[in-house]
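query05.txt (compact mmCIF, C-alpha atoms and all ligand atoms) appears below.
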```txt
# COMPACT_ATOMS: atom_id res chain seq x y z
CA MET A 637 -163.63 70.18 -78.40
CA ALA A 638 -163.92 73.81 -79.48
CA THR A 639 -166.97 74.81 -81.48
CA ALA A 640 -165.49 77.02 -84.20
CA LYS A 641 -165.73 75.80 -87.80
CA SER A 642 -163.37 76.06 -90.76
CA GLU A 643 -165.84 78.39 -92.47
CA ASN A 644 -164.95 81.11 -89.98
CA TYR A 645 -161.55 81.47 -91.62
CA VAL A 646 -160.34 82.38 -95.07
CA ILE A 647 -156.89 81.24 -96.20
CA ASP A 648 -154.72 83.93 -97.79
CA GLU A 649 -151.37 82.24 -98.34
CA VAL A 650 -149.50 78.95 -98.04
CA ILE A 651 -146.65 79.14 -95.53
CA VAL A 652 -145.44 75.52 -95.76
CA GLU A 653 -147.24 72.53 -97.13
CA ASP A 654 -146.57 68.88 -97.62
CA SER A 655 -148.82 65.90 -98.18
CA LEU A 656 -150.00 65.67 -94.57
CA VAL A 657 -149.40 69.01 -92.87
CA GLY A 658 -150.01 72.53 -94.15
CA ILE A 659 -149.46 75.87 -92.44
CA TYR A 660 -151.36 78.81 -93.88
CA LYS A 661 -151.67 82.51 -93.32
CA ALA A 662 -155.39 83.08 -92.78
CA ARG A 663 -157.97 85.55 -91.48
CA HIS A 664 -160.93 85.26 -89.17
CA ILE A 665 -163.79 86.42 -91.39
CA SER A 666 -165.80 88.43 -88.88
CA THR A 667 -162.96 89.94 -86.82
CA ASN A 668 -160.44 90.21 -89.68
CA GLU A 669 -157.75 88.98 -87.23
CA GLU A 670 -154.72 87.54 -89.04
CA VAL A 671 -153.89 84.03 -87.85
CA ALA A 672 -151.86 80.98 -88.84
CA ILE A 673 -153.77 77.78 -89.51
CA LYS A 674 -152.11 74.38 -89.22
CA LYS A 675 -154.04 71.61 -90.95
CA ILE A 676 -153.06 68.05 -90.19
CA LYS A 677 -154.56 65.25 -92.27
CA VAL A 678 -155.48 62.74 -89.64
CA GLY A 679 -158.34 60.71 -91.04
CA ARG A 680 -159.07 58.79 -87.90
CA HIS A 681 -157.27 55.81 -86.47
CA GLY A 682 -154.32 55.81 -88.83
CA GLU A 683 -156.17 56.41 -92.10
CA TYR A 684 -153.17 58.38 -93.42
CA THR A 685 -150.39 57.54 -90.97
CA ASP A 686 -150.38 56.38 -87.42
CA TRP A 687 -148.54 59.46 -86.16
CA ALA A 688 -150.66 62.35 -87.46
CA GLU A 689 -153.69 61.88 -85.20
CA PRO A 690 -151.74 61.42 -81.95
CA ALA A 691 -149.49 64.36 -82.91
CA ALA A 692 -152.48 66.63 -83.54
CA GLU A 693 -154.26 65.55 -80.34
CA ASN A 694 -151.06 65.97 -78.39
CA GLU A 695 -150.41 69.47 -79.69
CA MET A 696 -154.00 70.56 -78.93
CA GLN A 697 -153.94 69.12 -75.42
CA MET A 698 -150.58 70.57 -74.45
CA LEU A 699 -151.17 74.02 -75.90
CA ARG A 700 -154.59 74.42 -74.30
CA LYS A 701 -152.82 74.25 -70.95
CA LEU A 702 -150.01 76.67 -71.73
CA ASN A 703 -150.18 80.43 -71.55
CA HIS A 704 -146.93 82.39 -71.66
CA PRO A 705 -145.63 85.25 -73.82
CA ASN A 706 -142.80 83.05 -75.12
CA VAL A 707 -144.97 80.06 -76.03
CA ILE A 708 -147.13 80.08 -79.16
CA LYS A 709 -150.79 80.75 -78.41
CA LEU A 710 -153.39 78.28 -79.66
CA LEU A 711 -156.43 80.43 -80.46
CA ASP A 712 -158.76 77.63 -81.49
CA SER A 713 -158.73 73.98 -82.50
CA PHE A 714 -161.28 71.68 -84.10
CA TYR A 715 -161.76 68.89 -86.62
CA THR A 716 -163.41 69.35 -89.99
CA SER A 717 -166.91 67.90 -90.13
CA ASP A 718 -165.70 64.74 -91.90
CA SER A 719 -163.10 64.27 -89.09
CA LYS A 720 -160.35 63.94 -91.67
CA VAL A 721 -158.44 67.13 -90.85
CA ALA A 722 -157.38 68.56 -87.50
CA VAL A 723 -157.28 72.35 -87.63
CA LEU A 724 -155.19 74.36 -85.18
CA VAL A 725 -155.46 78.15 -85.22
CA PHE A 726 -152.43 80.06 -83.91
CA GLU A 727 -151.39 83.65 -83.54
CA LEU A 728 -149.56 84.59 -86.73
CA MET A 729 -145.77 84.68 -86.52
CA LEU A 730 -143.34 86.40 -88.85
CA ALA A 731 -140.72 83.70 -89.33
CA ASP A 732 -139.00 80.81 -87.62
CA LEU A 733 -135.46 81.01 -86.34
CA GLY A 734 -134.18 78.66 -89.05
CA ARG A 735 -135.23 81.12 -91.72
CA LEU A 736 -133.86 84.09 -89.80
CA ILE A 737 -130.47 82.42 -89.33
CA HIS A 738 -130.00 80.77 -92.70
CA CYS A 739 -132.15 82.64 -95.22
CA THR A 740 -131.58 86.30 -94.36
CA ASP A 741 -128.74 88.80 -94.10
CA ASN A 742 -129.90 89.98 -90.68
CA ARG A 743 -126.86 90.51 -88.46
CA TYR A 744 -127.17 89.60 -84.82
CA SER A 745 -125.04 91.43 -82.27
CA HIS A 746 -124.26 89.94 -78.84
CA SER A 747 -127.03 92.07 -77.37
CA HIS A 748 -129.61 90.90 -79.96
CA ILE A 749 -128.59 87.32 -79.21
CA LYS A 750 -128.90 87.89 -75.47
CA CYS A 751 -132.45 89.20 -75.86
CA MET A 752 -133.41 86.19 -78.03
CA VAL A 753 -131.77 83.73 -75.63
CA TYR A 754 -133.62 85.31 -72.69
CA MET A 755 -136.98 84.82 -74.38
CA MET A 756 -136.16 81.24 -75.45
CA LEU A 757 -135.06 80.31 -71.93
CA SER A 758 -138.11 81.99 -70.39
CA GLY A 759 -140.46 80.02 -72.65
CA LEU A 760 -138.64 76.77 -71.92
CA GLU A 761 -138.54 77.45 -68.18
CA TYR A 762 -142.32 77.91 -68.23
CA ILE A 763 -142.86 74.72 -70.27
CA HIS A 764 -140.67 72.71 -67.87
CA SER A 765 -142.28 74.21 -64.77
CA SER A 766 -145.64 73.13 -66.26
CA GLY A 767 -144.36 69.54 -66.15
CA ILE A 768 -143.87 69.25 -69.91
CA MET A 769 -140.86 68.22 -72.01
CA HIS A 770 -141.01 69.77 -75.47
CA GLN A 771 -138.72 67.20 -77.15
CA ASP A 772 -138.50 68.96 -80.52
CA ILE A 773 -136.55 72.14 -79.80
CA LYS A 774 -134.97 73.22 -83.11
CA PRO A 775 -134.77 76.50 -85.06
CA GLY A 776 -137.85 75.61 -87.18
CA ASN A 777 -139.96 75.37 -84.02
CA ILE A 778 -138.88 78.70 -82.54
CA MET A 779 -140.78 81.63 -84.01
CA ILE A 780 -140.56 85.39 -83.90
CA ASP A 781 -143.57 87.71 -84.21
CA SER A 782 -143.85 91.16 -85.75
CA HIS A 783 -142.86 92.79 -82.42
CA GLY A 784 -139.70 90.71 -82.07
CA ILE A 785 -141.17 88.39 -79.44
CA ILE A 786 -139.80 84.85 -79.60
CA LYS A 787 -142.27 81.98 -79.09
CA ILE A 788 -141.69 78.26 -78.82
CA ALA A 789 -144.04 76.25 -81.07
CA ASP A 790 -144.79 72.73 -82.36
CA PHE A 791 -145.82 70.55 -79.42
CA GLY A 792 -146.51 67.52 -81.64
CA ILE A 793 -144.19 65.20 -79.69
CA SER A 794 -144.04 66.90 -76.31
CA ILE A 795 -144.87 64.73 -73.28
CA TYR A 796 -145.44 65.07 -69.57
CA VAL A 797 -142.27 64.72 -67.52
CA ASN A 798 -143.83 62.09 -65.28
CA ASP A 799 -145.17 60.08 -68.20
CA THR A 800 -143.16 56.90 -68.13
CA TYR A 801 -144.82 55.56 -71.27
CA ARG A 802 -142.37 57.09 -73.71
CA LYS A 803 -143.74 56.16 -77.08
CA LEU A 804 -142.86 58.86 -79.59
CA HIS A 805 -145.00 58.91 -82.70
CA ARG A 806 -142.06 60.44 -84.54
CA LEU A 807 -138.47 61.31 -83.72
CA PRO A 808 -136.93 64.76 -83.46
CA PRO A 809 -134.16 65.54 -85.96
CA ALA A 810 -130.80 64.06 -84.95
CA TRP A 811 -128.89 67.36 -85.07
CA TYR A 812 -130.62 68.61 -81.92
CA ARG A 813 -130.93 65.33 -80.00
CA SER A 814 -129.27 65.15 -76.60
CA PRO A 815 -126.55 62.56 -75.89
CA GLU A 816 -128.83 60.69 -73.45
CA PHE A 817 -131.57 60.47 -76.06
CA LEU A 818 -129.12 59.28 -78.73
CA LEU A 819 -127.59 56.72 -76.40
CA GLY A 820 -130.96 55.24 -75.46
CA ASP A 821 -131.50 56.42 -71.87
CA ARG A 822 -135.14 55.57 -71.06
CA GLN A 823 -135.29 57.92 -68.07
CA TYR A 824 -134.27 61.16 -69.75
CA GLY A 825 -135.88 64.37 -68.48
CA THR A 826 -136.29 68.06 -69.26
CA SER A 827 -132.52 68.50 -69.60
CA THR A 828 -132.88 66.91 -73.05
CA ASP A 829 -134.55 70.20 -74.15
CA ILE A 830 -131.73 72.20 -72.56
CA TRP A 831 -129.21 70.37 -74.75
CA SER A 832 -131.30 71.06 -77.86
CA LEU A 833 -131.60 74.73 -76.93
CA GLY A 834 -127.81 74.88 -76.46
CA VAL A 835 -127.39 73.57 -80.01
CA VAL A 836 -129.89 76.16 -81.30
CA ILE A 837 -128.09 79.00 -79.49
CA GLY A 838 -124.76 77.77 -80.90
CA GLU A 839 -126.32 77.80 -84.38
CA LEU A 840 -127.63 81.33 -83.83
CA ILE A 841 -124.14 82.49 -82.83
CA ASN A 842 -122.21 80.54 -85.52
CA ARG A 843 -124.87 80.87 -88.23
CA HIS A 844 -124.26 77.32 -89.25
CA ILE A 845 -125.35 73.93 -87.95
CA VAL A 846 -123.36 72.93 -84.86
CA PHE A 847 -123.41 69.13 -85.34
CA PRO A 848 -124.36 68.59 -89.00
CA SER A 849 -124.28 64.78 -88.97
CA LYS A 850 -125.66 62.46 -91.61
CA SER A 851 -126.33 59.58 -89.25
CA GLU A 852 -126.95 58.91 -85.59
CA ILE A 853 -123.50 57.41 -85.12
CA GLU A 854 -121.86 60.46 -86.69
CA GLN A 855 -124.04 62.62 -84.45
CA ILE A 856 -122.79 61.01 -81.28
CA LEU A 857 -119.21 61.10 -82.55
CA MET A 858 -119.43 64.81 -83.26
CA ILE A 859 -120.61 65.32 -79.68
CA TYR A 860 -117.78 63.13 -78.31
CA ARG A 861 -115.32 65.14 -80.36
CA LEU A 862 -116.31 68.29 -78.52
CA LEU A 863 -116.91 66.86 -75.06
CA GLY A 864 -114.87 63.66 -74.94
CA SER A 865 -116.19 60.13 -74.67
CA PRO A 866 -118.19 59.57 -71.45
CA ASN A 867 -116.75 57.15 -68.92
CA ASP A 868 -117.51 55.59 -65.54
CA LYS A 869 -116.37 58.69 -63.70
CA THR A 870 -118.12 61.35 -65.76
CA TRP A 871 -121.36 59.45 -66.34
CA PRO A 872 -121.66 56.17 -64.38
CA GLU A 873 -125.09 55.19 -65.78
CA VAL A 874 -124.05 55.59 -69.41
CA LYS A 875 -122.88 51.97 -69.74
CA THR A 876 -126.41 50.74 -69.11
CA PHE A 877 -127.95 52.64 -72.01
CA LYS A 878 -129.16 50.58 -74.91
CA HIS A 879 -127.05 52.34 -77.52
CA PHE A 880 -123.99 53.22 -75.48
CA LEU A 881 -121.03 53.70 -77.74
CA GLN A 882 -117.54 54.08 -76.41
CA PHE A 883 -114.51 54.89 -78.48
CA HIS A 884 -111.22 53.68 -77.18
CA ASP A 885 -109.52 54.54 -80.44
CA GLU A 886 -108.42 58.10 -79.73
CA SER A 887 -107.47 58.69 -83.36
CA LEU A 888 -111.18 58.82 -84.13
CA LEU A 889 -111.68 61.64 -81.72
CA ASN A 890 -110.12 64.94 -82.49
CA ASN A 891 -109.16 66.04 -79.02
CA GLU A 892 -108.19 69.44 -80.33
CA GLU A 893 -111.86 70.42 -80.56
CA THR A 894 -112.76 73.08 -78.00
CA PHE A 895 -115.75 75.34 -77.42
CA GLU A 896 -113.53 78.27 -78.41
CA LYS A 897 -112.82 76.67 -81.80
CA LYS A 898 -116.32 75.35 -82.29
CA PHE A 899 -117.91 78.76 -81.58
CA PRO A 900 -115.37 81.30 -82.86
CA LYS A 901 -117.89 84.16 -82.91
CA ALA A 902 -119.00 83.66 -79.30
CA ASN A 903 -117.87 86.15 -76.66
CA GLU A 904 -116.67 85.04 -73.23
CA GLN A 905 -120.11 85.03 -71.58
CA GLU A 906 -121.72 83.24 -74.51
CA LEU A 907 -119.05 80.54 -74.20
CA ILE A 908 -119.77 80.19 -70.47
CA LEU A 909 -123.48 79.84 -71.27
CA LEU A 910 -122.89 77.27 -74.04
CA LYS A 911 -120.58 75.28 -71.76
CA SER A 912 -123.36 75.10 -69.16
CA LEU A 913 -126.01 73.98 -71.68
CA LEU A 914 -123.94 71.55 -73.74
CA VAL A 915 -122.91 69.24 -70.89
CA MET A 916 -122.67 65.53 -71.66
CA ASN A 917 -124.12 64.16 -68.42
CA PRO A 918 -127.67 65.59 -68.06
CA LYS A 919 -127.29 65.59 -64.29
CA TYR A 920 -124.68 68.37 -64.52
CA ARG A 921 -126.41 70.34 -67.27
CA THR A 922 -127.87 73.68 -66.19
CA THR A 923 -131.66 74.16 -65.99
CA ALA A 924 -133.56 76.91 -67.79
CA LYS A 925 -134.14 78.64 -64.44
CA GLN A 926 -130.43 78.52 -63.49
CA ALA A 927 -129.42 79.78 -66.93
CA LEU A 928 -131.81 82.74 -66.57
CA GLU A 929 -130.09 83.61 -63.28
CA SER A 930 -126.55 83.10 -64.61
CA SER A 931 -123.77 85.66 -65.10
CA TYR A 932 -124.58 85.73 -68.83
CA PHE A 933 -127.51 88.02 -68.06
CA THR A 934 -125.82 90.13 -65.39
CA THR A 935 -122.66 90.86 -67.37
CA GLY A 936 -122.60 93.34 -70.28
CA PRO A 937 -123.55 93.92 -73.01
CA SER A 938 -127.18 94.21 -71.94
CA PRO A 939 -129.90 92.64 -74.07
CA CYS A 940 -131.60 94.83 -76.66
CA LYS A 941 -135.36 95.33 -76.62
CA PRO A 942 -137.33 92.68 -78.56
CA GLU A 943 -138.56 95.29 -81.05
CA ASN A 944 -134.93 96.01 -82.01
CA ILE A 945 -134.17 92.42 -83.06
CA PRO A 946 -133.56 92.35 -86.83
CA ARG A 947 -136.32 90.19 -88.27
CA LEU A 948 -136.56 90.97 -91.93
CA ALA A 949 -137.71 87.62 -93.28
CA ALA A 950 -136.68 86.20 -96.63
CA PRO A 951 -139.51 85.18 -98.98
CA ARG A 952 -140.96 81.86 -97.98
CA HIS A 953 -140.20 78.79 -100.02
CA ARG A 954 -142.87 76.18 -100.20
CA HIS A 955 -141.91 73.01 -98.48
CA SER A 956 -138.53 73.92 -97.05
CA ARG A 957 -138.21 71.19 -94.46
CA ASN A 958 -135.26 70.00 -92.48
CA PRO A 959 -133.40 67.47 -94.63
CA PHE A 960 -132.60 65.04 -91.81
CA HIS A 961 -135.86 64.78 -90.03
CA MET A 962 -136.61 61.07 -89.98
CA ASN A 963 -140.24 62.10 -89.89
CA ASP A 964 -141.51 58.99 -91.53
CA LEU A 965 -140.32 56.56 -88.91
CA ASN A 966 -143.09 55.07 -86.86
CA ALA A 967 -141.66 55.46 -83.45
CA SER A 968 -141.84 52.66 -80.97
CA ASP A 969 -139.33 51.07 -78.67
CA GLU A 970 -137.67 49.63 -81.72
CA ASN A 971 -137.14 52.85 -83.59
CA LEU A 972 -135.61 54.88 -80.87
CA PRO A 973 -132.05 55.49 -82.12
CA SER A 974 -130.88 52.41 -83.96
CA ASP A 975 -128.45 50.01 -82.41
CA TYR A 976 -125.02 50.39 -83.96
CA SER A 977 -123.11 48.02 -81.70
CA HIS A 978 -122.87 45.55 -84.58
CA LEU A 979 -120.79 47.95 -86.66
CA ASN A 980 -117.10 47.16 -86.81
CA ASN A 981 -114.48 49.81 -86.29
CA GLU A 982 -113.78 50.14 -89.98
CA THR A 983 -117.41 50.99 -90.72
CA LYS A 984 -117.45 53.44 -87.86
CA ARG A 985 -114.26 54.99 -89.23
CA GLN A 986 -115.85 55.40 -92.67
CA LEU A 987 -118.98 56.92 -91.22
CA PHE A 988 -116.93 59.34 -89.27
CA SER A 989 -114.45 60.45 -91.95
CA PRO A 990 -115.13 64.02 -92.96
N1 LIG B 1 -148.07 80.48 -86.02
C1 LIG B 1 -147.30 80.49 -87.09
N2 LIG B 1 -147.13 81.61 -87.82
C2 LIG B 1 -146.34 81.62 -88.92
N3 LIG B 1 -145.65 80.55 -89.36
C3 LIG B 1 -145.79 79.40 -88.70
C4 LIG B 1 -146.61 79.30 -87.53
N4 LIG B 1 -146.55 78.04 -87.07
C5 LIG B 1 -145.73 77.38 -87.91
N5 LIG B 1 -145.25 78.18 -88.90
C6 LIG B 1 -144.30 77.83 -89.96
O1 LIG B 1 -144.55 76.51 -90.38
C7 LIG B 1 -143.44 75.66 -90.10
C8 LIG B 1 -143.92 74.29 -89.63
O2 LIG B 1 -144.75 74.44 -88.49
P1 LIG B 1 -144.79 73.35 -87.35
O3 LIG B 1 -143.42 73.19 -86.80
O4 LIG B 1 -145.86 73.69 -86.39
O5 LIG B 1 -145.25 72.08 -88.19
P2 LIG B 1 -144.62 70.63 -88.33
O6 LIG B 1 -145.35 69.94 -89.42
O7 LIG B 1 -144.65 70.01 -87.01
O8 LIG B 1 -143.16 70.97 -88.81
P3 LIG B 1 -141.80 70.14 -88.69
O9 LIG B 1 -142.18 68.71 -88.77
O10 LIG B 1 -141.01 70.67 -89.83
O11 LIG B 1 -141.26 70.54 -87.34
C9 LIG B 1 -142.64 76.39 -89.05
O12 LIG B 1 -141.27 76.04 -89.09
C10 LIG B 1 -142.88 77.85 -89.42
O13 LIG B 1 -142.00 78.25 -90.44
MG MG B 2 -142.02 72.04 -86.53
```
Turn the structure described in the file into structure tokens.
Amino acid sequence: MATAKSENYVIDEVIVEDSLVGIYKARHISTNEEVAIKKIKVGRHGEYTDWAEPAAENEMQMLRKLNHPNVIKLLDSFYTSDSKVAVLVFELMLADLGRLIHCTDNRYSHSHIKCMVYMMLSGLEYIHSSGIMHQDIKPGNIMIDSHGIIKIADFGISIYVNDTYRKLHRLPPAWYRSPEFLLGDRQYGTSTDIWSLGVVIGELINRHIVFPSKSEIEQILMIYRLLGSPNDKTWPEVKTFKHFLQFHDESLLNNEETFEKKFPKANEQELILLKSLLVMNPKYRTTAKQALESSYFTTGPSPCKPENIPRLAAPRHRHSRNPFHMNDLNASDENLPSDYSHLNNETKRQLFSP
């Protein structure tokens, strides 16, 4: 455990705060270095919730091992003397991607987007090559600093790839969950993050949520709409997944949906990239390394420099959290995506109607 104490820092501003987690702009008293402090109320052994302590421990452990320009740097971490609060000290970032996309008028050209995508893929490639799955890739967890450098943050639910004990202490938001995760594949791997990053990149291009579902069933249906329902040929293992859902009723699936229609602002190379990231069967999905070597980066326009990325951030709003986060579920085998096989077609139809 690191030796630094809370008294070394003075808090200047609340960035986001809710009852259990707060992120603050702060300063190291003797060096005057500006930092971000994340305080997680853990108590010990489930005094507040049973997810906060494992999430804090997890984030500290993972981040102490990682060192890459596109991954958030953990400068220090410790518990308050009463052991009730875990304190994580990070380099200070300017904004998260969610705020940049949805709360500002910043315009992103294809070359700005390419520079951002390069940094996101580089960070993710490093995380994966370190044997870690992030599991919570979403705009709110991708940050930009004052020099335009993108950094992946929030390792609260990340796990080691070879860890077969997959107990999540909370679930990632449904909008960014991969099909294999939604369908209940117990063996999913790093390609789950690639899917999530594909959804984030689509959101950056479109400037609206790619699959804005209100339920897990609607989420999977929105994915089927774009990619078709998986079958024995395209994904032989899919039938064995706990929550496999197949739609024979074609009227439910709008087969007119295409990448071109879904991402009208994307140029040809962006579409090729999105089609390689948003692949239904994880086995055929590209890896971060392959994507970095793909034609997207060797075909014009070239990426801008990070310092040229527009990053004027809108004023922060206290407590602006993702509305469909399902944060308060205690994850266990049972609360991996719920089983909807009992729903009849009429209910599914209602859930799916726009
Ligand atoms: N180092 C940082 N510098 C500036 N802002 C930050 C920093 N880290 C986090 N934030 C802000 O705080 C928000 C929440 O941080 P973080 O994702 O680490 O916490 P969380 O409680 O796990 O959030 P969530 O559950 O919403 O994902 C981020 O979306 C970002 O806006
Ligand atoms: Mg987060």
Between atom CA of Thr876 of chain A and atom CA of Leu913 of chain A, measure the distance and give it in Å to one decimal.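 Atom-to-atom, atom CA of Thr876 of chain A to atom CA of Leu913 of chain A, that is 23.4 Å.
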Shell of 9 Å around ligand MG 2 (chain B) (all atoms listed in the file), written as a list in words: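 For ligand MG 2 (chain B), the residues inside 9 Å are Asp772, Ile773, Lys774, Pro775, Gly776, Asn777, Ile778, Ala789, Asp790, Phe791, Gly792 and Arg957 of chain A.
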Output, as AutoDock Vina command-line options, the centre and edge lengths in Å (one decimal) of the axis-aligned box that contains all listed atoms of ligand LIG 1 (chain B) with 4 Å of margin on each side.
```
--center_x -144.5 --center_y 75.2 --center_z -88.2 --size_x 15.1 --size_y 20.9 --size_z 12.4
```
Dump as a tab-separated table the rows for residues of chain A within 8 Å of ligand LIG 1 (chain B): closest atom pair and distance in Å with one decimal, only C-alpha atoms and all ligand atoms counted, ordered by chain and rising residue number.
```
residue	atom	partner	partner_atom	distance
A:Ile651	CA	B:LIG1	O1	6.2
A:Val652	CA	B:LIG1	O1	5.5
A:Val657	CA	B:LIG1	O6	5.4
A:Gly658	CA	B:LIG1	O6	7.1
A:Ile659	CA	B:LIG1	O1	5.4
A:Tyr660	CA	B:LIG1	N3	7.5
A:Lys661	CA	B:LIG1	C2	7.0
A:Val671	CA	B:LIG1	N1	7.1
A:Ala672	CA	B:LIG1	N1	4.8
A:Ile673	CA	B:LIG1	N1	7.2
A:Lys674	CA	B:LIG1	O4	6.9
A:Ile676	CA	B:LIG1	O6	8.0
A:Ile708	CA	B:LIG1	N1	6.9
A:Val725	CA	B:LIG1	N1	7.8
A:Phe726	CA	B:LIG1	N1	4.9
A:Glu727	CA	B:LIG1	N1	5.2
A:Leu728	CA	B:LIG1	N2	4.0
A:Met729	CA	B:LIG1	N2	3.6
A:Leu730	CA	B:LIG1	C2	5.6
A:Ala731	CA	B:LIG1	O13	5.7
A:Asp732	CA	B:LIG1	O13	4.8
A:Gly734	CA	B:LIG1	O12	7.6
A:Arg735	CA	B:LIG1	O13	7.5
A:Asp772	CA	B:LIG1	O11	7.5
A:Pro775	CA	B:LIG1	O12	7.7
A:Gly776	CA	B:LIG1	O12	3.9
A:Asn777	CA	B:LIG1	O3	4.9
A:Ile778	CA	B:LIG1	O12	7.5
A:Met779	CA	B:LIG1	C10	6.9
A:Asp781	CA	B:LIG1	N2	7.9
A:Ala789	CA	B:LIG1	O4	6.2
A:Asp790	CA	B:LIG1	O4	4.3
A:Phe791	CA	B:LIG1	O4	7.6
A:Gly792	CA	B:LIG1	O7	6.2
A:Arg957	CA	B:LIG1	O10	5.4
A:Asn958	CA	B:LIG1	O10	6.4
A:His961	CA	B:LIG1	O9	7.5
A:Asn963	CA	B:LIG1	O9	7.0
```
Of the listed residues A:Val846, A:Ile830, A:Ile785, A:Leu724, that which approaches Thr922 of chain A most closely, counting all atoms listed in the file: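 Ranked by minimum distance to Thr922 of chain A, first place goes to A:Ile830.
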Which residue, A:Asp686, A:Thr870, A:Tyr860, A:Thr923, has the smallest gap to Leu804 of chain A when you use all atoms listed in the file?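 Under the stated criterion, the closest residue is A:Asp686.
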